[in-house]
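**Q** File data_27.tsv below, TSV, C-alpha atoms:
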chain	number	residue	atom	x	y	z
A	915	GLU	CA	89.31	-68.54	-57.80
A	916	ALA	CA	87.06	-70.09	-55.17
A	917	GLY	CA	90.07	-70.33	-52.85
A	918	ASN	CA	90.88	-66.65	-53.35
A	919	MET	CA	87.30	-65.64	-52.59
A	920	LEU	CA	87.33	-67.75	-49.43
A	921	ALA	CA	90.60	-66.20	-48.33
A	922	LYS	CA	89.20	-62.69	-48.87
A	923	GLN	CA	86.10	-63.58	-46.85
A	924	LEU	CA	88.25	-64.90	-43.97
A	925	VAL	CA	90.35	-61.73	-43.97
A	926	PHE	CA	87.17	-59.66	-43.89
A	927	LEU	CA	85.78	-61.67	-40.98
A	928	SER	CA	89.03	-61.43	-39.04
A	929	HIS	CA	88.94	-57.64	-39.21
A	930	ALA	CA	85.23	-57.04	-38.85
A	931	ASP	CA	83.77	-55.95	-35.52
A	932	THR	CA	80.87	-58.36	-35.57
A	933	GLY	CA	79.92	-58.40	-31.90
A	934	GLY	CA	80.47	-62.14	-31.73
A	935	LEU	CA	78.53	-63.01	-34.91
A	936	VAL	CA	79.80	-64.67	-38.06
A	937	VAL	CA	79.17	-62.21	-40.87
A	938	GLY	CA	78.08	-63.52	-44.23
A	939	ALA	CA	76.53	-66.74	-42.93
A	940	LYS	CA	72.96	-67.52	-43.86
A	941	ALA	CA	72.02	-67.32	-40.18
A	942	PRO	CA	74.05	-65.58	-37.42
A	943	VAL	CA	76.04	-68.02	-35.29
A	944	MET	CA	77.49	-67.01	-31.92
A	945	LEU	CA	81.26	-67.55	-31.87
A	946	THR	CA	81.16	-68.00	-28.10
A	947	SER	CA	79.06	-71.06	-27.39
A	948	ARG	CA	77.33	-72.05	-24.23
A	949	ALA	CA	79.94	-74.76	-23.81
A	950	ASP	CA	82.68	-72.14	-23.85
A	951	ASP	CA	80.82	-70.13	-21.21
A	952	ALA	CA	80.41	-73.21	-19.04
A	953	GLN	CA	84.11	-74.00	-19.33
A	954	ALA	CA	85.01	-70.46	-18.35
A	955	ARG	CA	82.76	-70.61	-15.30
A	956	ALA	CA	84.19	-74.00	-14.32
A	957	ALA	CA	87.74	-72.65	-14.61
A	958	SER	CA	86.80	-69.61	-12.51
A	959	ASP	CA	85.18	-71.81	-9.84
A	960	ALA	CA	88.22	-74.10	-9.76
A	961	ALA	CA	90.55	-71.12	-9.33
A	962	ALA	CA	88.42	-69.75	-6.48
A	963	ASP	CA	88.38	-73.12	-4.71
A	964	LEU	CA	92.14	-73.45	-5.08
A	965	ALA	CA	92.65	-69.96	-3.66
A	966	ALA	CA	90.50	-70.91	-0.66
A	967	CYS	CA	92.61	-74.07	-0.18
A	968	ARG	CA	95.79	-72.00	-0.20
A	969	ALA	CA	94.33	-69.62	2.38
A	970	GLN	CA	93.41	-72.57	4.59
A	971	LEU	CA	96.92	-74.01	4.35
A	972	ALA	CA	98.49	-70.61	5.06
A	973	ASP	CA	96.62	-70.62	8.36
A	974	GLY	CA	97.24	-74.21	9.49
A	975	SER	CA	99.89	-75.85	7.29
A	976	ARG	CA	102.49	-73.17	6.62
A	977	THR	CA	105.40	-75.58	6.30
A	978	PHE	CA	103.66	-77.47	3.50
A	979	LEU	CA	102.65	-74.25	1.77
A	980	ALA	CA	106.27	-73.06	1.84
A	981	ALA	CA	107.59	-76.39	0.56
A	982	SER	CA	104.97	-76.52	-2.19
A	983	ARG	CA	106.60	-73.54	-3.87
A	984	LEU	CA	109.42	-75.86	-4.91
A	985	LEU	CA	107.00	-78.02	-6.89
A	986	PRO	CA	106.09	-77.38	-10.52
A	987	ARG	CA	102.68	-75.82	-10.94
A	988	ALA	CA	101.20	-79.00	-12.41
A	989	VAL	CA	101.94	-80.74	-9.11
A	990	ARG	CA	101.68	-77.79	-6.71
A	991	GLU	CA	98.04	-76.97	-7.43
A	992	PRO	CA	96.57	-80.48	-7.01
A	993	ALA	CA	98.86	-80.98	-4.00
A	994	CYS	CA	97.32	-77.91	-2.35
A	995	ALA	CA	93.87	-79.37	-2.95
A	996	LEU	CA	94.94	-82.74	-1.54
A	997	TYR	CA	96.49	-81.26	1.58
A	998	ALA	CA	93.52	-78.96	2.16
A	999	PHE	CA	91.18	-81.95	2.12
A	1000	CYS	CA	93.48	-83.88	4.48
A	1001	ARG	CA	93.71	-80.88	6.79
A	1002	THR	CA	89.94	-80.44	6.76
A	1003	ALA	CA	89.41	-84.13	7.49
A	1004	ASP	CA	91.95	-84.15	10.33
A	1005	ASP	CA	90.40	-81.08	11.93
A	1006	ALA	CA	86.89	-82.52	11.58
A	1007	VAL	CA	87.93	-85.40	13.86
A	1008	ASP	CA	90.25	-83.52	16.25
A	1009	LEU	CA	87.82	-80.66	16.87
A	1010	ASP	CA	84.78	-82.85	17.46
A	1011	THR	CA	84.97	-83.37	21.21
A	1012	VAL	CA	81.50	-84.93	21.40
A	1013	ASP	CA	81.62	-87.90	19.03
A	1014	GLU	CA	84.78	-88.47	17.02
A	1015	LEU	CA	83.47	-91.69	15.51
A	1016	ALA	CA	80.46	-89.82	14.14
A	1017	ALA	CA	82.87	-87.28	12.67
A	1018	VAL	CA	84.74	-90.08	10.88
A	1019	ALA	CA	81.44	-91.47	9.56
A	1020	ARG	CA	80.62	-88.04	8.13
A	1021	LEU	CA	84.04	-87.95	6.46
A	1022	ARG	CA	83.36	-91.30	4.81
A	1023	THR	CA	80.09	-89.90	3.46
A	1024	ARG	CA	81.93	-86.85	2.12
A	1025	LEU	CA	84.54	-89.06	0.46
A	1026	ALA	CA	81.82	-91.20	-1.13
A	1027	ARG	CA	80.22	-88.06	-2.55
A	1028	ILE	CA	83.58	-86.92	-3.93
A	1029	TYR	CA	84.06	-90.20	-5.78
A	1030	ALA	CA	80.46	-90.06	-7.00
A	1031	GLY	CA	81.18	-86.65	-8.57
A	1032	GLN	CA	78.89	-84.84	-6.13
A	1033	PRO	CA	81.20	-83.23	-3.56
A	1034	GLU	CA	79.84	-81.20	-0.69
A	1035	PRO	CA	79.78	-77.46	-1.42
A	1036	THR	CA	83.09	-76.65	0.25
A	1037	PRO	CA	86.28	-75.52	-1.53
A	1038	ALA	CA	88.38	-78.42	-0.21
A	1039	ASP	CA	85.87	-81.08	-1.22
A	1040	ARG	CA	85.29	-79.61	-4.67
A	1041	ALA	CA	89.01	-79.14	-5.29
A	1042	PHE	CA	89.84	-82.68	-4.18
A	1043	ALA	CA	87.04	-84.04	-6.39
A	1044	ARG	CA	88.79	-82.43	-9.38
A	1045	VAL	CA	92.05	-84.06	-8.31
A	1046	VAL	CA	90.35	-87.46	-8.04
A	1047	VAL	CA	89.08	-87.18	-11.61
A	1048	GLY	CA	92.11	-85.49	-13.13
A	1049	HIS	CA	94.63	-87.92	-11.64
A	1050	ALA	CA	92.53	-91.10	-11.36
A	1051	MET	CA	93.26	-91.22	-7.63
A	1052	PRO	CA	92.71	-94.74	-6.25
A	1053	ARG	CA	89.95	-94.57	-3.65
A	1054	GLU	CA	91.79	-97.07	-1.42
A	1055	LEU	CA	94.32	-94.36	-0.51
A	1056	PRO	CA	92.01	-91.74	1.07
A	1057	GLU	CA	89.90	-94.57	2.52
A	1058	ALA	CA	92.97	-95.87	4.35
A	1059	LEU	CA	93.65	-92.34	5.61
A	1060	LEU	CA	90.18	-92.27	7.16
A	1061	ASP	CA	90.85	-95.69	8.68
A	1062	GLY	CA	93.75	-94.09	10.56
A	1063	PHE	CA	91.50	-91.28	11.76
A	1064	GLU	CA	89.06	-93.90	13.01
A	1065	TRP	CA	91.85	-95.57	14.99
A	1066	ASP	CA	92.43	-92.18	16.67
A	1067	ALA	CA	88.72	-91.81	17.37
A	1068	ARG	CA	88.67	-95.22	19.04
A	1069	GLY	CA	91.66	-94.32	21.21
A	1070	ARG	CA	93.79	-97.11	19.83
A	1071	ARG	CA	97.17	-97.67	21.49
A	1072	TYR	CA	100.27	-99.32	20.06
A	1073	GLU	CA	102.14	-102.07	21.84
A	1074	THR	CA	105.07	-102.33	19.40
A	1075	ILE	CA	106.79	-100.24	16.74
A	1076	GLU	CA	105.25	-102.57	14.16
A	1077	ASP	CA	101.79	-101.68	15.46
A	1078	LEU	CA	102.67	-97.99	15.26
A	1079	HIS	CA	103.93	-98.49	11.71
A	1080	ASP	CA	100.48	-99.77	10.72
A	1081	TYR	CA	98.97	-96.53	12.02
A	1082	ALA	CA	101.58	-94.27	10.42
A	1083	ALA	CA	101.14	-96.02	7.09
A	1084	ARG	CA	97.46	-95.07	7.17
A	1085	VAL	CA	97.60	-91.46	8.33
A	1086	ALA	CA	100.80	-90.45	6.52
A	1087	GLY	CA	102.01	-93.18	4.18
A	1088	THR	CA	98.78	-92.78	2.23
A	1089	VAL	CA	99.48	-89.07	1.77
A	1090	GLY	CA	102.94	-89.89	0.44
A	1091	ALA	CA	101.40	-92.35	-2.02
A	1092	MET	CA	98.80	-89.80	-3.14
A	1093	MET	CA	101.57	-87.25	-3.72
A	1094	ALA	CA	103.39	-89.81	-5.85
A	1095	VAL	CA	100.23	-90.26	-7.93
A	1096	LEU	CA	100.07	-86.49	-8.46
A	1097	MET	CA	103.64	-86.64	-9.71
A	1098	GLY	CA	102.71	-89.34	-12.21
A	1099	ARG	CA	104.46	-92.16	-10.39
A	1100	ARG	CA	102.43	-95.35	-9.91
A	1101	SER	CA	104.93	-98.20	-9.88
A	1102	PRO	CA	104.91	-100.37	-6.74
A	1103	GLU	CA	108.50	-99.36	-5.99
A	1104	ALA	CA	107.80	-95.63	-6.22
A	1105	LEU	CA	104.65	-95.88	-4.13
A	1106	ALA	CA	106.45	-97.92	-1.47
A	1107	ARG	CA	109.21	-95.32	-1.14
A	1108	ALA	CA	106.61	-92.52	-1.00
A	1109	CYS	CA	104.87	-94.39	1.81
A	1110	ASP	CA	108.20	-94.73	3.63
A	1111	LEU	CA	108.70	-90.98	3.49
A	1112	GLY	CA	105.20	-90.38	4.84
A	1113	VAL	CA	105.77	-92.81	7.71
A	1114	ALA	CA	109.11	-91.15	8.56
A	1115	MET	CA	107.39	-87.75	8.72
A	1116	GLN	CA	104.69	-89.17	10.98
A	1117	TYR	CA	107.30	-90.62	13.34
A	1118	THR	CA	108.93	-87.19	13.45
A	1119	ASN	CA	105.59	-85.57	14.34
A	1120	ILE	CA	104.98	-88.16	17.07
A	1121	ALA	CA	108.40	-87.51	18.60
A	1122	ARG	CA	107.79	-83.75	18.48
A	1123	ASP	CA	104.28	-83.85	19.94
A	1124	VAL	CA	104.62	-86.35	22.82
A	1125	GLY	CA	103.58	-83.81	25.44
A	1126	GLU	CA	100.78	-82.24	23.42
A	1127	ASP	CA	99.35	-85.67	22.57
A	1128	ALA	CA	99.49	-86.76	26.22
A	1129	ARG	CA	97.55	-83.67	27.28
A	1130	ASN	CA	94.92	-84.60	24.70
A	1131	GLY	CA	94.70	-88.15	26.05
A	1132	ARG	CA	96.66	-89.75	23.23
A	1133	LEU	CA	99.76	-91.91	23.42
A	1134	TYR	CA	101.57	-93.01	20.28
A	1135	LEU	CA	104.87	-94.21	21.75
A	1136	PRO	CA	105.13	-98.01	21.61
A	1137	HIS	CA	104.17	-99.42	25.01
A	1138	ASP	CA	107.02	-101.92	25.05
A	1139	TRP	CA	109.50	-99.05	24.64
A	1140	LEU	CA	108.01	-97.29	27.67
A	1141	ARG	CA	108.14	-100.43	29.82
A	1142	GLU	CA	111.80	-100.90	28.90
A	1143	GLU	CA	112.38	-97.53	30.55
A	1144	GLY	CA	110.33	-98.42	33.63
A	1145	ILE	CA	107.28	-96.37	32.58
A	1146	GLU	CA	103.80	-97.82	32.69
A	1147	PRO	CA	101.78	-96.59	29.68
A	1148	ALA	CA	98.60	-96.23	31.75
A	1149	GLU	CA	100.41	-93.94	34.21
A	1150	PHE	CA	102.16	-91.93	31.50
Can the structure from this file be put into structure tokens for me?
**A**
Amino acid sequence: EAGNMLAKQLVFLSHADTGGLVVGAKAPVMLTSRADDAQARAASDAAADLAACRAQLADGSRTFLAASRLLPRAVREPACALYAFCRTADDAVDLDTVDELAAVARLRTRLARIYAGQPEPTPADRAFARVVVGHAMPRELPEALLDGFEWDARGRRYETIEDLHDYAARVAGTVGAMMAVLMGRRSPEALARACDLGVAMQYTNIARDVGEDARNGRLYLPHDWLREEGIEPAEF
């Protein structure tokens, strides 16, 4: 009998227009809690940040944005956040013609704030902070990426292909490893192959952009390769 009465009460409550209140309780209780409201706002903010990241990539990283459509949503969305942060960081160094080293120092501060759960109020930083938490992203990976940016800021040159590999591993191999983490792959073997892919892509970019890099005062071709062809790196 008690069970029947409870069932009737539940049916009544399910059909009653109560304006968000539980009818029949000793004191009205809001069905929608403050926690629910906070979660809804957080989800809305995350969606807005992700949309801003996509817009940024559509402007400066169209090939990645096109390729990302082949990824499942669970990987595509955090990947957009990751690439937006990488794009923002790269631009922060490349576009600072006054003091690139100071730009790298600011990036390290931004990364520290991300890992402290207090990202700067920009869509890319906030979105990447969610990725860091949601995927337990090892801090060593984005730190190594910034190391590569610092090598650029210092105008580092590369005598051998092995020296260049060290650079490519930082600015691109790290991104491959972070993508592997987003895909749920953390074994040493998987991360190593992801790094290899990143390095291969960086070599491709270097080969494509020889002229553009030279006009910007940068030379990534191994110096010993140039000398084999009778070209002095300083004159190149």
**Q** Where does stretch 1033-1058 of chain A meet stretch 1081-1096 of chain A within 12 Å, residue by residue, with the nearest atom pair and distance in Å to one decimal for each, counting only C-alpha atoms, listed by chain and rising number, as JSON lines?
**A**
{"residue": "A:Phe1042", "atom": "CA", "partner": "A:Met1092", "partner_atom": "CA", "distance": 11.5}
{"residue": "A:Val1045", "atom": "CA", "partner": "A:Leu1096", "partner_atom": "CA", "distance": 8.4}
{"residue": "A:Val1046", "atom": "CA", "partner": "A:Leu1096", "partner_atom": "CA", "distance": 9.8}
{"residue": "A:Val1047", "atom": "CA", "partner": "A:Leu1096", "partner_atom": "CA", "distance": 11.5}
{"residue": "A:Gly1048", "atom": "CA", "partner": "A:Leu1096", "partner_atom": "CA", "distance": 9.3}
{"residue": "A:His1049", "atom": "CA", "partner": "A:Leu1096", "partner_atom": "CA", "distance": 6.5}
{"residue": "A:Ala1050", "atom": "CA", "partner": "A:Val1095", "partner_atom": "CA", "distance": 8.5}
{"residue": "A:Met1051", "atom": "CA", "partner": "A:Val1095", "partner_atom": "CA", "distance": 7.0}
{"residue": "A:Pro1052", "atom": "CA", "partner": "A:Met1092", "partner_atom": "CA", "distance": 8.4}
{"residue": "A:Arg1053", "atom": "CA", "partner": "A:Met1092", "partner_atom": "CA", "distance": 10.1}
{"residue": "A:Glu1054", "atom": "CA", "partner": "A:Thr1088", "partner_atom": "CA", "distance": 9.0}
{"residue": "A:Leu1055", "atom": "CA", "partner": "A:Thr1088", "partner_atom": "CA", "distance": 5.5}
{"residue": "A:Pro1056", "atom": "CA", "partner": "A:Thr1088", "partner_atom": "CA", "distance": 6.9}
{"residue": "A:Glu1057", "atom": "CA", "partner": "A:Arg1084", "partner_atom": "CA", "distance": 8.9}
{"residue": "A:Ala1058", "atom": "CA", "partner": "A:Arg1084", "partner_atom": "CA", "distance": 5.4}
**Q** Output C-alpha atoms for every residue in the selection just made, as an mmCIF file, in the coordinates of the input.
**A**
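Okay, selection.cif is ready:
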data_model
loop_
_atom_site.group_PDB
_atom_site.id
_atom_site.type_symbol
_atom_site.label_atom_id
_atom_site.label_comp_id
_atom_site.auth_asym_id
_atom_site.auth_seq_id
_atom_site.Cartn_x
_atom_site.Cartn_y
_atom_site.Cartn_z
ATOM 1 C CA PHE A 1042 89.840 -82.680 -4.180
ATOM 2 C CA VAL A 1045 92.050 -84.060 -8.310
ATOM 3 C CA VAL A 1046 90.350 -87.460 -8.040
ATOM 4 C CA VAL A 1047 89.080 -87.180 -11.610
ATOM 5 C CA GLY A 1048 92.110 -85.490 -13.130
ATOM 6 C CA HIS A 1049 94.630 -87.920 -11.640
ATOM 7 C CA ALA A 1050 92.530 -91.100 -11.360
ATOM 8 C CA MET A 1051 93.260 -91.220 -7.630
ATOM 9 C CA PRO A 1052 92.710 -94.740 -6.250
ATOM 10 C CA ARG A 1053 89.950 -94.570 -3.650
ATOM 11 C CA GLU A 1054 91.790 -97.070 -1.420
ATOM 12 C CA LEU A 1055 94.320 -94.360 -0.510
ATOM 13 C CA PRO A 1056 92.010 -91.740 1.070
ATOM 14 C CA GLU A 1057 89.900 -94.570 2.520
ATOM 15 C CA ALA A 1058 92.970 -95.870 4.350
#
**Q** Of the candidates A:Arg1099, A:Arg1068, A:Arg1027, A:His1079, which shows the shortest atom-to-atom distance to A:Val1007, using all atoms listed in the file?
**A**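 Answer, going by the shortest atom-to-atom distance: A:Arg1068.
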**Q** In Å, rounded to a single decimal, give me how far atom CA of A:Ala1016 is from atom CA of A:Val1124.
**A**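 These atoms are spaced 25.9 Å apart.
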**Q** When you look at stretch 1118-1121 of chain A with a cut-off of 10 Å (counting all atoms listed in the file), what residues show up, excluding the ones that are within fewer than 6 positions of it in the same chain? I need them as an MDAnalysis selection string.
**A** chainID A and resid 1082 1112 1127 1133:1135
**Q** Give me, please, the distance in Å between atom CA of A:Ala995 and atom CA of A:Ser975, quoted to one decimal.
**A**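 Here the two named atoms are 12.4 Å from each other.
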**Q** I need the residue nearest A:Asp963 from this list: A:Asp1080, A:Glu1142, A:Asp1039, A:Glu1034. Use all atoms listed in the file for the distance.
**A** A:Asp1039
**Q** At a cut-off of 9 Å, using all atoms listed in the file, what residues contact A:Tyr997? Leave out same-chain residues fewer than 2 positions from it and give the result as a VMD selection string.
**A** chain A and resid 967 971 975 978 992 to 995 999 to 1002 1038 1042 1089
**Q** List as number ranges by chain the protein and nucleic acid residues near stretch 1017-1022 of chain A, meaning an atom at most 10 Å away when all atoms listed in the file are counted, but skip any in the same chain fewer than 5 places from it.
**A** A: 1002-1012, 1027-1028, 1056-1057, 1060-1067
**Q** Please identify all polymer residues lying at most 8 Å from the point (89.9, -75.1, -7.0) (file coordinates), using all atoms listed in the file, and present the result as a list in words.
**A**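 Checking each residue against the 8 Å limit leaves Asp959, Ala960, Ala961, Ala962, Asp963, Leu964, Ala965, Ala966, Cys967, Ala995, Pro1037, Ala1038, Arg1040, Ala1041 and Arg1044 of chain A.
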**Q** Calculate how many Å separate atom CA of A:His1137 from atom CA of A:Ile1075, rounding to one decimal.
**A**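 These atoms are spaced 8.7 Å apart.
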**Q** So which residues touch A:Arg1141 within 12 Å, counting only C-alpha atoms, skipping near sequence neighbours fewer than 5 positions away, as a list in words?
**A** Glu1073, Thr1074, Leu1135, Pro1136, Glu1146, Pro1147, Ala1148, Glu1149 and Phe1150 of chain A
**Q** Taking all atoms listed in the file into account, name the residue in A:Pro986, A:Gly1069, A:Thr1036, A:Glu991 that is nearest to A:Gly1131.
**A**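 Comparing A:Pro986, A:Gly1069, A:Thr1036, A:Glu991 against A:Gly1131, the winner is A:Gly1069.
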**Q** Taking all atoms listed in the file into account, which of A:Ala956, A:Ala988, A:Asp1138, A:Ala1043 comes nearest A:Asp1077?
**A**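 With all atoms listed in the file as the atom set, the closest residue is A:Asp1138.
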**Q** I need the residue nearest A:Gly974 from this list: A:Glu1103, A:Ala998, A:Gly1098, A:Arg1122. Use all atoms listed in the file for the distance.
**A** A:Ala998
**Q** Restore all heavy atoms in stretch 1135-1146 of chain A and list the result as a PDB file, in the frame of the given file.
**A**
ATOM      1  N   LEU A1135     103.611 -93.489  21.536  1.00  0.00           N
ATOM      2  CA  LEU A1135     104.870 -94.210  21.750  1.00  0.00           C
ATOM      3  C   LEU A1135     104.570 -95.688  21.991  1.00  0.00           C
ATOM      4  O   LEU A1135     103.618 -96.022  22.707  1.00  0.00           O
ATOM      5  CB  LEU A1135     105.591 -93.627  22.967  1.00  0.00           C
ATOM      6  CG  LEU A1135     106.018 -92.156  22.872  1.00  0.00           C
ATOM      7  CD1 LEU A1135     106.693 -91.734  24.165  1.00  0.00           C
ATOM      8  CD2 LEU A1135     106.945 -91.935  21.686  1.00  0.00           C
ATOM      9  N   PRO A1136     105.361 -96.569  21.393  1.00  0.00           N
ATOM     10  CA  PRO A1136     105.130 -98.010  21.610  1.00  0.00           C
ATOM     11  C   PRO A1136     105.200 -98.350  23.101  1.00  0.00           C
ATOM     12  O   PRO A1136     106.128 -97.940  23.806  1.00  0.00           O
ATOM     13  CB  PRO A1136     106.263 -98.670  20.834  1.00  0.00           C
ATOM     14  CG  PRO A1136     106.648 -97.666  19.788  1.00  0.00           C
ATOM     15  CD  PRO A1136     106.471 -96.330  20.440  1.00  0.00           C
ATOM     16  N   HIS A1137     104.234 -99.110  23.583  1.00  0.00           N
ATOM     17  CA  HIS A1137     104.170 -99.420  25.010  1.00  0.00           C
ATOM     18  C   HIS A1137     105.387-100.224  25.465  1.00  0.00           C
ATOM     19  O   HIS A1137     105.865-100.042  26.601  1.00  0.00           O
ATOM     20  CB  HIS A1137     102.881-100.186  25.305  1.00  0.00           C
ATOM     21  CG  HIS A1137     101.661 -99.324  25.211  1.00  0.00           C
ATOM     22  ND1 HIS A1137     100.434 -99.711  25.688  1.00  0.00           N
ATOM     23  CD2 HIS A1137     101.467 -98.083  24.691  1.00  0.00           C
ATOM     24  CE1 HIS A1137      99.540 -98.764  25.476  1.00  0.00           C
ATOM     25  NE2 HIS A1137     100.152 -97.770  24.856  1.00  0.00           N
ATOM     26  N   ASP A1138     105.884-101.112  24.609  1.00  0.00           N
ATOM     27  CA  ASP A1138     107.020-101.920  25.050  1.00  0.00           C
ATOM     28  C   ASP A1138     108.268-101.053  25.220  1.00  0.00           C
ATOM     29  O   ASP A1138     109.118-101.334  26.070  1.00  0.00           O
ATOM     30  CB  ASP A1138     107.270-103.096  24.110  1.00  0.00           C
ATOM     31  CG  ASP A1138     107.551-102.687  22.672  1.00  0.00           C
ATOM     32  OD1 ASP A1138     107.467-101.482  22.343  1.00  0.00           O
ATOM     33  OD2 ASP A1138     107.841-103.591  21.847  1.00  0.00           O
ATOM     34  N   TRP A1139     108.376 -99.959  24.446  1.00  0.00           N
ATOM     35  CA  TRP A1139     109.500 -99.050  24.640  1.00  0.00           C
ATOM     36  C   TRP A1139     109.410 -98.375  26.020  1.00  0.00           C
ATOM     37  O   TRP A1139     110.413 -98.216  26.703  1.00  0.00           O
ATOM     38  CB  TRP A1139     109.502 -97.967  23.553  1.00  0.00           C
ATOM     39  CG  TRP A1139     109.959 -98.439  22.210  1.00  0.00           C
ATOM     40  CD1 TRP A1139     110.119 -99.734  21.783  1.00  0.00           C
ATOM     41  CD2 TRP A1139     110.315 -97.603  21.120  1.00  0.00           C
ATOM     42  NE1 TRP A1139     110.541 -99.757  20.479  1.00  0.00           N
ATOM     43  CE2 TRP A1139     110.678 -98.466  20.035  1.00  0.00           C
ATOM     44  CE3 TRP A1139     110.363 -96.241  20.917  1.00  0.00           C
ATOM     45  CZ2 TRP A1139     111.077 -97.981  18.791  1.00  0.00           C
ATOM     46  CZ3 TRP A1139     110.768 -95.747  19.680  1.00  0.00           C
ATOM     47  CH2 TRP A1139     111.118 -96.615  18.629  1.00  0.00           C
ATOM     48  N   LEU A1140     108.193 -97.961  26.383  1.00  0.00           N
ATOM     49  CA  LEU A1140     108.010 -97.290  27.670  1.00  0.00           C
ATOM     50  C   LEU A1140     108.345 -98.238  28.825  1.00  0.00           C
ATOM     51  O   LEU A1140     109.023 -97.852  29.788  1.00  0.00           O
ATOM     52  CB  LEU A1140     106.569 -96.790  27.796  1.00  0.00           C
ATOM     53  CG  LEU A1140     106.172 -95.648  26.851  1.00  0.00           C
ATOM     54  CD1 LEU A1140     104.680 -95.367  26.956  1.00  0.00           C
ATOM     55  CD2 LEU A1140     106.963 -94.380  27.156  1.00  0.00           C
ATOM     56  N   ARG A1141     107.885 -99.466  28.735  1.00  0.00           N
ATOM     57  CA  ARG A1141     108.140-100.430  29.820  1.00  0.00           C
ATOM     58  C   ARG A1141     109.625-100.712  29.952  1.00  0.00           C
ATOM     59  O   ARG A1141     110.131-100.934  31.065  1.00  0.00           O
ATOM     60  CB  ARG A1141     107.354-101.711  29.569  1.00  0.00           C
ATOM     61  CG  ARG A1141     105.835-101.525  29.650  1.00  0.00           C
ATOM     62  CD  ARG A1141     105.108-102.863  29.709  1.00  0.00           C
ATOM     63  NE  ARG A1141     103.671-102.679  29.649  1.00  0.00           N
ATOM     64  CZ  ARG A1141     102.943-102.788  28.546  1.00  0.00           C
ATOM     65  NH1 ARG A1141     103.538-103.090  27.378  1.00  0.00           N
ATOM     66  NH2 ARG A1141     101.639-102.596  28.576  1.00  0.00           N
ATOM     67  N   GLU A1142     110.352-100.701  28.829  1.00  0.00           N
ATOM     68  CA  GLU A1142     111.800-100.900  28.900  1.00  0.00           C
ATOM     69  C   GLU A1142     112.476 -99.817  29.729  1.00  0.00           C
ATOM     70  O   GLU A1142     113.540-100.025  30.309  1.00  0.00           O
ATOM     71  CB  GLU A1142     112.394-100.928  27.494  1.00  0.00           C
ATOM     72  CG  GLU A1142     112.084-102.194  26.699  1.00  0.00           C
ATOM     73  CD  GLU A1142     112.602-102.111  25.274  1.00  0.00           C
ATOM     74  OE1 GLU A1142     113.267-101.097  24.944  1.00  0.00           O
ATOM     75  OE2 GLU A1142     112.352-103.052  24.489  1.00  0.00           O
ATOM     76  N   GLU A1143     111.833 -98.654  29.778  1.00  0.00           N
ATOM     77  CA  GLU A1143     112.380 -97.530  30.550  1.00  0.00           C
ATOM     78  C   GLU A1143     111.729 -97.409  31.930  1.00  0.00           C
ATOM     79  O   GLU A1143     111.914 -96.405  32.622  1.00  0.00           O
ATOM     80  CB  GLU A1143     112.181 -96.217  29.767  1.00  0.00           C
ATOM     81  CG  GLU A1143     112.863 -96.191  28.421  1.00  0.00           C
ATOM     82  CD  GLU A1143     114.365 -96.391  28.511  1.00  0.00           C
ATOM     83  OE1 GLU A1143     114.960 -95.898  29.491  1.00  0.00           O
ATOM     84  OE2 GLU A1143     114.936 -97.055  27.622  1.00  0.00           O
ATOM     85  N   GLY A1144     110.943 -98.430  32.313  1.00  0.00           N
ATOM     86  CA  GLY A1144     110.330 -98.420  33.630  1.00  0.00           C
ATOM     87  C   GLY A1144     109.103 -97.524  33.733  1.00  0.00           C
ATOM     88  O   GLY A1144     108.744 -97.084  34.837  1.00  0.00           O
ATOM     89  N   ILE A1145     108.469 -97.244  32.600  1.00  0.00           N
ATOM     90  CA  ILE A1145     107.280 -96.370  32.580  1.00  0.00           C
ATOM     91  C   ILE A1145     106.069 -97.193  32.197  1.00  0.00           C
ATOM     92  O   ILE A1145     106.064 -97.857  31.156  1.00  0.00           O
ATOM     93  CB  ILE A1145     107.467 -95.215  31.579  1.00  0.00           C
ATOM     94  CG1 ILE A1145     108.707 -94.381  31.941  1.00  0.00           C
ATOM     95  CG2 ILE A1145     106.215 -94.331  31.539  1.00  0.00           C
ATOM     96  CD1 ILE A1145     109.061 -93.356  30.881  1.00  0.00           C
ATOM     97  N   GLU A1146     105.044 -97.129  33.041  1.00  0.00           N
ATOM     98  CA  GLU A1146     103.800 -97.820  32.690  1.00  0.00           C
ATOM     99  C   GLU A1146     102.964 -96.918  31.782  1.00  0.00           C
ATOM    100  O   GLU A1146     102.670 -95.777  32.154  1.00  0.00           O
ATOM    101  CB  GLU A1146     103.000 -98.167  33.954  1.00  0.00           C
ATOM    102  CG  GLU A1146     103.377 -99.492  34.564  1.00  0.00           C
ATOM    103  CD  GLU A1146     103.212-100.659  33.605  1.00  0.00           C
ATOM    104  OE1 GLU A1146     102.163-100.715  32.919  1.00  0.00           O
ATOM    105  OE2 GLU A1146     104.127-101.493  33.516  1.00  0.00           O
TER     106      GLU A1146
END
